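A short worksheet on the structure shown next.
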Amino acid sequence: MNALVPQPRITLSTLALVALAAHAPAAAMGPIFTGPYVPVCTETSVSPSIATDGDRIFLDEAVAQENMAVVLRGYRYTDAAPSAAFPQGEGREEVYCGCQRVQIQRGMGEFAGDLPFFNVPDDAPTGDYSVELLPVSATCMSGGIRATCETSQQCVEPSLFVQPSYILSTTERVEFYGNSEDTDDHPAEMTFLIAGTSGTAFGQGGEAEHLVEWTASFPAGGEDSSHLTHADNTRLWASVPLFAGSERDMAVGECREECVAGDDSAEATCLEQCNLNLALGRFNNRVEFAIGGIEYDASPSKWWGVVAGAAAGGLACVGAAELGYPCSGLGGAHGSIGVAAAVGQGINELLEDDDDNLGTASAGASLGSNWGIGSTFGPVDFTGGSGGDLALWHRSRRVAAPRILEYSVRLASVEITDNYEESNCSPPNEVFVNARAELHRGTPSLPGSVRFPSGSGTYSLSEGDTRSFDPIEGSIASGTFTPETAPASPFLYMEVGVWEKDDDNDLMGVGAQTLAIADALNWHFLGEQESTTGGLFVRRVTFPVRFAVNGWAGSDEHCWPWWQAHGITPQAQEGGAIVELEVDLTWLQAPYVN
């Protein structure tokens, strides 16, 4: 990618100078401006400016009044997207017209007070949108895709950027009422397998698939460091993806809507594929996801890390890794038995000896219920297991998928807030970190983790010590794309696990966050708009992400005098750390140009 070159945003004053230069005599103004005529236009201030279907968009309360008409005009670009040289792009075509009345939000949540707003229409395709406010007395015409707006009463430029929509379901928390281990066999060593689908399975045997599939395992790590050790009656706060899917792959209406975002030459092919998937019955207008748990009694267990491999192989590989049959072995079955049964079946295949099946928690939603978007749901009990008592809370959101030109996630620092080593095992702690980050680009699974330090080394840290990392040393994940290949990404997933190396590694805590990309770009944006050396407009944000984690008393009985060894309670909190990451995102403002 070309280096970013800071440039002033195109404002009313700069546009006025350009327009003036286009018409001024050469003697007075120097060489005559020969570029395209750029009218003097204004932007209607909106927040957030990056959004998707259904999002609430707030207006300037000093300007907008209740029941004023909001006229939305949506544009696509058939030749070239907006740039510093061509602020309106080339071949800009109006493909959407809609109108709403301004509403007032009164005293709700973080936006307490009387705030004027409107909602992004559900039928609005991806594109740049101008927002024009008209008086209360103005007629609010009906509209939609291909509708034609009346001539504007003022010159308005796009200030709202509608992006493709994804449905994203995440964990909110897990309650460990009972982890299947008593005090004589602690800690409980738990790993979780996740899968989700939308659509009806098609293909045959090992080739069977859905239009949308999602698989993951939690937590990530290597041998003897990819599990949780939560005690009974404790709670894990973690946001882990249970399902992620583009709405255009989940419902034919959304599929057809997004076809309008491309140019004329691509639209017909896009619509043909939507109609074909409909005719073949591949849309089922449903979302299903499940999470299942395993508790390993063997220590170290041969299965540590195997679950991660199974998840990375896709839904057809749930439980298939190292089991003596190919990943395609479950391919034909999961479509008919459902995702929850497939997860349960995969977990049963992974069990051996006295390992415990912690059960499976599952949920689903339909297009008719707006994919279950709304409040947090729970408790959803883990059922069908041979031990343990767990419950899940989860939520679903519709999130925008902005195009990302460049991103990076790095480990900035680790601070030890509570020693894990106690009594005869004196500090310092021998610390290592498992971390992973994924900018979602449509792939059906999460990646593996990166170990810090690499290999088998550790950092010697006592309580209160901090280990800082330079940008290269702390790199977890990064990517640079061209304007043509910049992916539409709905979320960034980040996970860190802090460990104390021992005969049996001790967990000092795990944290996970699924961050909606549009939220980061909207709420962390404090600088000026920039452009690349090629002239395309971008927005760049850099911000910290902080995890405060803690562990639970585990396997360090060898650190205590022998007469105290059996007096350890696994309900006691032991070990803690604060981990800081630094995230950098660069959004490519240009919508799709085919």
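So you can find residues: chains in the structure tokens are A, B, ... in the order shown, residues in each start at 1, and ligands are numbered from 1 in order.
Around segment 126-128 of chain A, within 7 Å and counting only C-alpha atoms, the residues found are A:Gly74, A:Tyr75, A:Arg76, A:Pro158, A:Leu160, A:Phe161, A:Val162, A:Gln163, A:Pro164, A:Glu258, A:Ala261, A:Pro591, once anything fewer than 4 positions away on its own chain is removed.
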Grab the residues selected above and save them as a compact mmCIF listing (two decimals), in the first residue's frame with all heavy atoms.
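After the write, out.txt holds the following:
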# COMPACT_ATOMS: atom_id res chain seq x y z
N GLY A 74 -28.39 7.78 -2.31
CA GLY A 74 -27.28 6.85 -2.31
C GLY A 74 -26.61 6.78 -3.66
O GLY A 74 -27.29 6.83 -4.71
N TYR A 75 -25.27 6.68 -3.66
CA TYR A 75 -24.51 6.72 -4.90
C TYR A 75 -23.59 5.51 -5.02
O TYR A 75 -23.07 4.99 -4.02
CB TYR A 75 -23.64 7.99 -4.96
CG TYR A 75 -24.40 9.27 -4.82
CD1 TYR A 75 -24.52 9.89 -3.58
CD2 TYR A 75 -25.02 9.86 -5.92
CE1 TYR A 75 -25.23 11.08 -3.44
CE2 TYR A 75 -25.73 11.06 -5.78
CZ TYR A 75 -25.83 11.66 -4.54
OH TYR A 75 -26.52 12.84 -4.40
N ARG A 76 -23.38 5.08 -6.25
CA ARG A 76 -22.32 4.14 -6.57
C ARG A 76 -21.44 4.77 -7.64
O ARG A 76 -21.84 5.74 -8.29
CB ARG A 76 -22.88 2.80 -7.04
CG ARG A 76 -23.54 2.82 -8.42
CD ARG A 76 -24.03 1.42 -8.78
NE ARG A 76 -24.64 1.39 -10.11
CZ ARG A 76 -25.25 0.33 -10.61
NH1 ARG A 76 -25.32 -0.78 -9.90
NH2 ARG A 76 -25.77 0.37 -11.83
N PRO A 158 -22.05 13.68 0.17
CA PRO A 158 -22.19 12.51 1.06
C PRO A 158 -21.50 12.71 2.40
O PRO A 158 -20.35 13.18 2.44
CB PRO A 158 -21.54 11.39 0.25
CG PRO A 158 -21.70 11.79 -1.17
CD PRO A 158 -21.53 13.29 -1.16
N LEU A 160 -22.69 10.22 4.96
CA LEU A 160 -23.03 8.94 5.58
C LEU A 160 -22.55 7.83 4.64
O LEU A 160 -22.83 7.86 3.44
CB LEU A 160 -24.54 8.84 5.78
CG LEU A 160 -25.07 7.51 6.31
CD1 LEU A 160 -24.56 7.25 7.73
CD2 LEU A 160 -26.60 7.50 6.29
N PHE A 161 -21.82 6.87 5.21
CA PHE A 161 -21.22 5.82 4.40
C PHE A 161 -21.80 4.48 4.84
O PHE A 161 -21.43 3.94 5.89
CB PHE A 161 -19.70 5.85 4.53
CG PHE A 161 -19.14 7.22 4.22
CD1 PHE A 161 -18.80 8.09 5.24
CD2 PHE A 161 -19.00 7.64 2.91
CE1 PHE A 161 -18.31 9.35 4.97
CE2 PHE A 161 -18.52 8.91 2.62
CZ PHE A 161 -18.17 9.77 3.65
N VAL A 162 -22.75 3.97 4.04
CA VAL A 162 -23.43 2.71 4.35
C VAL A 162 -22.57 1.55 3.85
O VAL A 162 -22.16 1.53 2.69
CB VAL A 162 -24.83 2.67 3.73
CG1 VAL A 162 -25.49 1.32 3.95
CG2 VAL A 162 -25.69 3.79 4.32
N GLN A 163 -22.29 0.62 4.75
CA GLN A 163 -21.41 -0.51 4.47
C GLN A 163 -22.20 -1.82 4.44
O GLN A 163 -23.32 -1.89 4.95
CB GLN A 163 -20.32 -0.59 5.54
CG GLN A 163 -19.60 0.72 5.81
CD GLN A 163 -18.73 1.19 4.66
OE1 GLN A 163 -17.66 0.65 4.43
NE2 GLN A 163 -19.19 2.20 3.94
N PRO A 164 -21.63 -2.89 3.87
CA PRO A 164 -22.31 -4.20 3.90
C PRO A 164 -22.60 -4.62 5.33
O PRO A 164 -21.86 -4.28 6.25
CB PRO A 164 -21.30 -5.14 3.23
CG PRO A 164 -20.41 -4.25 2.42
CD PRO A 164 -20.34 -2.95 3.15
N GLU A 258 -27.48 -5.88 -2.26
CA GLU A 258 -26.05 -5.58 -2.38
C GLU A 258 -25.55 -5.63 -3.82
O GLU A 258 -24.50 -5.09 -4.13
CB GLU A 258 -25.24 -6.52 -1.50
CG GLU A 258 -25.32 -6.19 -0.02
CD GLU A 258 -24.90 -4.75 0.26
OE1 GLU A 258 -23.80 -4.35 -0.14
OE2 GLU A 258 -25.70 -4.01 0.87
N ALA A 261 -24.74 -2.31 -5.39
CA ALA A 261 -23.57 -1.54 -4.99
C ALA A 261 -22.48 -1.55 -6.06
O ALA A 261 -21.64 -0.65 -6.10
CB ALA A 261 -23.00 -2.10 -3.68
N PRO A 591 -16.32 3.14 -1.80
CA PRO A 591 -17.17 1.96 -1.89
C PRO A 591 -16.70 1.07 -3.03
O PRO A 591 -15.72 1.37 -3.70
CB PRO A 591 -18.56 2.54 -2.16
CG PRO A 591 -18.28 3.83 -2.87
CD PRO A 591 -16.99 4.35 -2.28
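The shell of residues at most 7 Å from Ile145 of chain A, with only C-alpha atoms counted and near chain neighbours (fewer than 2 positions) removed, consists of A:Val95, A:Tyr96, A:Cys97, A:Ala147.
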Please produce an output containing C-alpha atoms for each residue in the selection, written as a PDB file, in the first residue's frame.
ATOM      1  CA  VAL A  95     -29.082   4.363  -7.135  1.00  0.00           C
ATOM      2  CA  TYR A  96     -31.200   5.049  -4.060  1.00  0.00           C
ATOM      3  CA  CYS A  97     -33.633   7.686  -2.839  1.00  0.00           C
ATOM      4  CA  ALA A 147     -36.201   5.598  -7.069  1.00  0.00           C
TER       5      ALA A 147
END
key: In segment 67-286 of chain A, DSSP strand (DSSP E or B) residues written as a ChimeraX atom specification   = /A:69-80,83,90-101,103-108,111-119,127-134,144-145,156-162,165-178,190-198,202,209,212-218,228,234-237,241-246,286
Using only C-alpha atoms, find each residue of segment 63-130 of chain A with at least one atom at most 10 Å away from an atom of segment 247-255 of chain A; report its shortest atom-to-atom pair and that distance in Å (one decimal), sort the rows by chain and rising residue number, and return the result as a Markdown table.
| residue | atom | partner | partner_atom | distance |
| --- | --- | --- | --- | --- |
| A:Asp122 | CA | A:Glu254 | CA | 9.0 |
| A:Asp123 | CA | A:Glu254 | CA | 7.9 |
| A:Ala124 | CA | A:Glu254 | CA | 9.6 |
| A:Pro125 | CA | A:Glu254 | CA | 8.6 |
Residues from last step as file, N, CA, C and O atoms, as a compact mmCIF listing (two decimals), in the first residue's frame:
# COMPACT_ATOMS: atom_id res chain seq x y z
N ASP A 122 -33.66 -0.28 5.88
CA ASP A 122 -33.25 -1.67 5.72
C ASP A 122 -32.94 -2.04 4.28
O ASP A 122 -32.26 -3.04 4.03
N ASP A 123 -33.45 -1.25 3.33
CA ASP A 123 -33.21 -1.59 1.92
C ASP A 123 -32.12 -0.75 1.29
O ASP A 123 -31.97 -0.73 0.07
N ALA A 124 -31.32 -0.07 2.12
CA ALA A 124 -30.27 0.81 1.58
C ALA A 124 -29.04 -0.01 1.20
O ALA A 124 -28.41 -0.62 2.07
N PRO A 125 -28.66 -0.04 -0.08
CA PRO A 125 -27.46 -0.79 -0.48
C PRO A 125 -26.19 -0.06 -0.08
O PRO A 125 -26.21 1.13 0.27
message = What's around segment 231-243 of chain A at 6 Å? Count only C-alpha atoms, leave out sequence neighbours fewer than 5 positions away in its own chain, and write the answer as a PyMOL selection string.
response = chain A and resi 168-179+196+214+512-514+570-571
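Nearest residue to Tyr459 of chain A, choosing from A:Asn429, A:Ser137, A:Ser159, A:Ser369 and counting only C-alpha atoms: A:Asn429.
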query = Cys99 of chain A: which residues within 6 Å, counting only C-alpha atoms, same-chain residues fewer than 4 positions away excluded, as a list in words?
reply = Val70, Val71 and Cys140 of chain A
Can I get the residues of segment 126-224 of chain A within 12 Å of segment 499-504 of chain A, each with the closest pair of atoms and their distance in Å to one decimal, using only C-alpha atoms, sorted chain first then ascending number, as JSON lines?
{"residue": "A:His186", "atom": "CA", "partner": "A:Asp504", "partner_atom": "CA", "distance": 11.6}
{"residue": "A:Pro187", "atom": "CA", "partner": "A:Asp504", "partner_atom": "CA", "distance": 10.2}
{"residue": "A:Glu189", "atom": "CA", "partner": "A:Asp504", "partner_atom": "CA", "distance": 10.8}
{"residue": "A:Gly221", "atom": "CA", "partner": "A:Trp499", "partner_atom": "CA", "distance": 10.3}
{"residue": "A:Gly222", "atom": "CA", "partner": "A:Trp499", "partner_atom": "CA", "distance": 11.4}
{"residue": "A:Glu223", "atom": "CA", "partner": "A:Asp504", "partner_atom": "CA", "distance": 10.5}
{"residue": "A:Asp224", "atom": "CA", "partner": "A:Asp504", "partner_atom": "CA", "distance": 7.1}
Serialized selection, C-alpha atoms, as an mmCIF file, in the first residue's frame:
data_model
loop_
_atom_site.group_PDB
_atom_site.id
_atom_site.type_symbol
_atom_site.label_atom_id
_atom_site.label_comp_id
_atom_site.auth_asym_id
_atom_site.auth_seq_id
_atom_site.Cartn_x
_atom_site.Cartn_y
_atom_site.Cartn_z
ATOM 1 C CA HIS A 186 -8.327 -29.639 40.471
ATOM 2 C CA PRO A 187 -7.796 -27.594 38.440
ATOM 3 C CA GLU A 189 -8.883 -28.057 32.457
ATOM 4 C CA GLY A 221 -2.682 -21.915 22.777
ATOM 5 C CA GLY A 222 -0.195 -24.721 22.552
ATOM 6 C CA GLU A 223 0.182 -28.007 24.379
ATOM 7 C CA ASP A 224 -0.698 -27.626 28.055
#
Need to verify the contact set: Ser180 of chain A, 9 Å, only C-alpha atoms, exclusion of same-chain residues closer than 3 positions in sequence. Can you return it as a PDB file with N, CA and C atoms, in the first residue's frame?
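The resulting file, result_38.pdb, is reproduced below:
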ATOM      1  N   ALA A 188      -9.761 -27.820  37.055  1.00  0.00           N
ATOM      2  CA  ALA A 188     -10.513 -28.278  35.893  1.00  0.00           C
ATOM      3  C   ALA A 188      -9.878 -27.672  34.654  1.00  0.00           C
ATOM      4  N   ASP A 232     -15.375 -23.494  40.527  1.00  0.00           N
ATOM      5  CA  ASP A 232     -16.828 -23.490  40.682  1.00  0.00           C
ATOM      6  C   ASP A 232     -17.303 -22.119  41.161  1.00  0.00           C
ATOM      7  N   GLU A 295     -13.684 -31.270  29.475  1.00  0.00           N
ATOM      8  CA  GLU A 295     -12.781 -31.144  30.611  1.00  0.00           C
ATOM      9  C   GLU A 295     -11.835 -32.343  30.567  1.00  0.00           C
ATOM     10  N   ASP A 356     -14.331 -35.404  30.774  1.00  0.00           N
ATOM     11  CA  ASP A 356     -15.743 -35.074  30.974  1.00  0.00           C
ATOM     12  C   ASP A 356     -16.288 -34.268  29.808  1.00  0.00           C
ATOM     13  N   LEU A 358     -18.691 -31.559  28.993  1.00  0.00           N
ATOM     14  CA  LEU A 358     -19.367 -30.500  29.745  1.00  0.00           C
ATOM     15  C   LEU A 358     -20.715 -30.113  29.148  1.00  0.00           C
ATOM     16  N   SER A 386     -21.581 -35.206  30.546  1.00  0.00           N
ATOM     17  CA  SER A 386     -21.397 -36.233  31.570  1.00  0.00           C
ATOM     18  C   SER A 386     -20.914 -35.653  32.882  1.00  0.00           C
ATOM     19  N   GLY A 387     -20.725 -34.361  32.944  1.00  0.00           N
ATOM     20  CA  GLY A 387     -20.269 -33.717  34.162  1.00  0.00           C
ATOM     21  C   GLY A 387     -20.267 -32.220  33.991  1.00  0.00           C
ATOM     22  N   GLY A 388     -20.217 -31.486  35.093  1.00  0.00           N
ATOM     23  CA  GLY A 388     -20.180 -30.039  35.030  1.00  0.00           C
ATOM     24  C   GLY A 388     -21.560 -29.419  34.984  1.00  0.00           C
ATOM     25  N   ASP A 389     -21.613 -28.148  35.311  1.00  0.00           N
ATOM     26  CA  ASP A 389     -22.858 -27.379  35.315  1.00  0.00           C
ATOM     27  C   ASP A 389     -22.507 -25.960  34.869  1.00  0.00           C
TER      28      ASP A 389
END
ask   = Which residues come within 6 Å of His227 of chain A, counting only C-alpha atoms, excluding same-chain residues fewer than 5 positions away, as a ChimeraX atom specification?
value = /A:189-191,219
task = Just the residues within 12 Å of segment 48-50 of chain A, please, counting only C-alpha atoms, with nothing from its chain fewer than 5 positions along; format it as a VMD selection string.
result = chain A and resid 43 55 to 60 117 to 120 126 to 131 158 to 165 399 to 403 490 516 to 525 539 587 to 591
Residues just named, written with N, CA and C atoms as a CSV table (one decimal), in the first residue's frame:
chain,number,residue,atom,x,y,z
A,43,GLU,N,-21.9,19.5,3.8
A,43,GLU,CA,-22.2,18.2,4.3
A,43,GLU,C,-23.1,18.4,5.5
A,55,ASP,N,-29.1,1.0,11.5
A,55,ASP,CA,-28.4,1.8,12.5
A,55,ASP,C,-29.0,3.2,12.8
A,56,ARG,N,-29.0,3.6,14.0
A,56,ARG,CA,-29.5,4.9,14.4
A,56,ARG,C,-28.5,6.0,14.1
A,57,ILE,N,-28.8,7.0,13.3
A,57,ILE,CA,-27.9,8.1,13.0
A,57,ILE,C,-28.4,9.4,13.6
A,58,PHE,N,-27.5,10.0,14.4
A,58,PHE,CA,-27.8,11.2,15.1
A,58,PHE,C,-27.5,12.5,14.3
A,59,LEU,N,-28.3,13.5,14.4
A,59,LEU,CA,-28.1,14.7,13.7
A,59,LEU,C,-27.8,15.9,14.7
A,60,ASP,N,-27.3,17.0,14.2
A,60,ASP,CA,-27.0,18.1,15.0
A,60,ASP,C,-28.3,18.7,15.6
A,117,PHE,N,-32.6,12.0,15.5
A,117,PHE,CA,-32.0,10.9,14.8
A,117,PHE,C,-32.9,10.4,13.7
A,118,PHE,N,-32.4,9.6,12.8
A,118,PHE,CA,-33.1,8.8,11.8
A,118,PHE,C,-32.4,7.4,11.7
A,119,ASN,N,-33.1,6.4,11.1
A,119,ASN,CA,-32.5,5.1,11.0
A,119,ASN,C,-32.1,4.9,9.5
A,120,VAL,N,-31.0,4.2,9.3
A,120,VAL,CA,-30.6,3.8,8.0
A,120,VAL,C,-31.7,2.8,7.5
A,126,THR,N,-25.1,-0.8,-0.1
A,126,THR,CA,-23.8,-0.2,0.2
A,126,THR,C,-23.5,1.0,-0.8
A,127,GLY,N,-23.0,2.1,-0.2
A,127,GLY,CA,-22.7,3.3,-1.0
A,127,GLY,C,-22.5,4.5,-0.1
A,128,ASP,N,-22.2,5.6,-0.8
A,128,ASP,CA,-22.1,6.9,-0.1
A,128,ASP,C,-23.5,7.6,-0.2
A,129,TYR,N,-23.9,8.2,0.9
A,129,TYR,CA,-25.2,8.8,1.0
A,129,TYR,C,-25.1,10.3,1.4
A,130,SER,N,-25.8,11.1,0.7
A,130,SER,CA,-26.0,12.5,1.1
A,130,SER,C,-27.2,12.6,2.0
A,131,VAL,N,-27.2,13.5,3.0
A,131,VAL,CA,-28.3,13.6,3.9
A,131,VAL,C,-28.8,15.1,3.8
A,158,PRO,N,-22.1,13.7,0.2
A,158,PRO,CA,-22.2,12.5,1.1
A,158,PRO,C,-21.5,12.7,2.4
A,159,SER,N,-22.2,12.4,3.5
A,159,SER,CA,-21.6,12.4,4.8
A,159,SER,C,-21.9,11.1,5.6
A,160,LEU,N,-22.7,10.2,5.0
A,160,LEU,CA,-23.0,8.9,5.6
A,160,LEU,C,-22.5,7.8,4.6
A,161,PHE,N,-21.8,6.9,5.2
A,161,PHE,CA,-21.2,5.8,4.4
A,161,PHE,C,-21.8,4.5,4.8
A,162,VAL,N,-22.7,4.0,4.0
A,162,VAL,CA,-23.4,2.7,4.4
A,162,VAL,C,-22.6,1.6,3.9
A,163,GLN,N,-22.3,0.6,4.7
A,163,GLN,CA,-21.4,-0.5,4.5
A,163,GLN,C,-22.2,-1.8,4.4
A,164,PRO,N,-21.6,-2.9,3.9
A,164,PRO,CA,-22.3,-4.2,3.9
A,164,PRO,C,-22.6,-4.6,5.3
A,165,SER,N,-23.7,-5.4,5.5
A,165,SER,CA,-24.1,-5.8,6.9
A,165,SER,C,-23.7,-7.2,7.1
A,399,VAL,N,-23.8,-5.6,12.2
A,399,VAL,CA,-22.6,-4.7,12.2
A,399,VAL,C,-22.2,-4.4,10.8
A,400,ALA,N,-21.7,-3.2,10.6
A,400,ALA,CA,-21.2,-2.8,9.3
A,400,ALA,C,-19.8,-3.4,9.0
A,401,ALA,N,-19.5,-3.6,7.7
A,401,ALA,CA,-18.3,-4.2,7.3
A,401,ALA,C,-17.5,-3.2,6.4
A,402,PRO,N,-16.8,-2.2,7.0
A,402,PRO,CA,-16.0,-1.3,6.2
A,402,PRO,C,-14.8,-2.0,5.5
A,403,ARG,N,-14.4,-1.4,4.4
A,403,ARG,CA,-13.2,-2.0,3.7
A,403,ARG,C,-11.9,-1.5,4.4
A,490,PRO,N,-16.2,-7.0,9.2
A,490,PRO,CA,-17.1,-6.6,10.3
A,490,PRO,C,-16.5,-6.5,11.7
A,516,ALA,N,-16.4,-4.5,16.9
A,516,ALA,CA,-17.0,-4.1,15.7
A,516,ALA,C,-16.1,-3.0,15.0
A,517,ILE,N,-15.7,-3.3,13.8
A,517,ILE,CA,-14.8,-2.3,13.1
A,517,ILE,C,-15.4,-0.9,13.0
A,518,ALA,N,-16.7,-0.9,12.7
A,518,ALA,CA,-17.3,0.4,12.5
A,518,ALA,C,-17.3,1.2,13.8
A,519,ASP,N,-17.5,0.5,15.0
A,519,ASP,CA,-17.4,1.2,16.3
A,519,ASP,C,-16.1,1.8,16.5
A,520,ALA,N,-15.0,1.1,16.1
A,520,ALA,CA,-13.7,1.6,16.3
A,520,ALA,C,-13.4,2.8,15.5
A,521,LEU,N,-13.9,2.8,14.2
A,521,LEU,CA,-13.6,3.9,13.3
A,521,LEU,C,-14.5,5.1,13.6
A,522,ASN,N,-15.7,4.9,14.2
A,522,ASN,CA,-16.6,6.0,14.5
A,522,ASN,C,-16.2,6.7,15.8
A,523,TRP,N,-15.9,5.9,16.8
A,523,TRP,CA,-15.7,6.5,18.2
A,523,TRP,C,-14.3,6.8,18.5
A,524,HIS,N,-13.3,6.2,17.8
A,524,HIS,CA,-11.9,6.5,18.1
A,524,HIS,C,-11.4,7.6,17.1
A,525,PHE,N,-12.2,8.1,16.2
A,525,PHE,CA,-11.7,9.0,15.2
A,525,PHE,C,-11.6,10.4,15.7
A,539,ARG,N,-9.5,6.9,6.5
A,539,ARG,CA,-9.5,7.3,7.9
A,539,ARG,C,-8.7,6.3,8.7
A,587,TRP,N,-9.2,2.7,7.2
A,587,TRP,CA,-10.5,2.4,6.5
A,587,TRP,C,-10.4,3.1,5.1
A,588,LEU,N,-10.7,2.4,4.1
A,588,LEU,CA,-10.8,2.9,2.7
A,588,LEU,C,-12.2,3.4,2.5
A,589,GLN,N,-12.3,4.7,2.4
A,589,GLN,CA,-13.7,5.3,2.2
A,589,GLN,C,-14.4,4.9,1.0
A,590,ALA,N,-13.6,4.6,-0.1
A,590,ALA,CA,-14.2,4.3,-1.4
A,590,ALA,C,-15.1,3.1,-1.3
A,591,PRO,N,-16.3,3.1,-1.8
A,591,PRO,CA,-17.2,2.0,-1.9
A,591,PRO,C,-16.7,1.1,-3.0
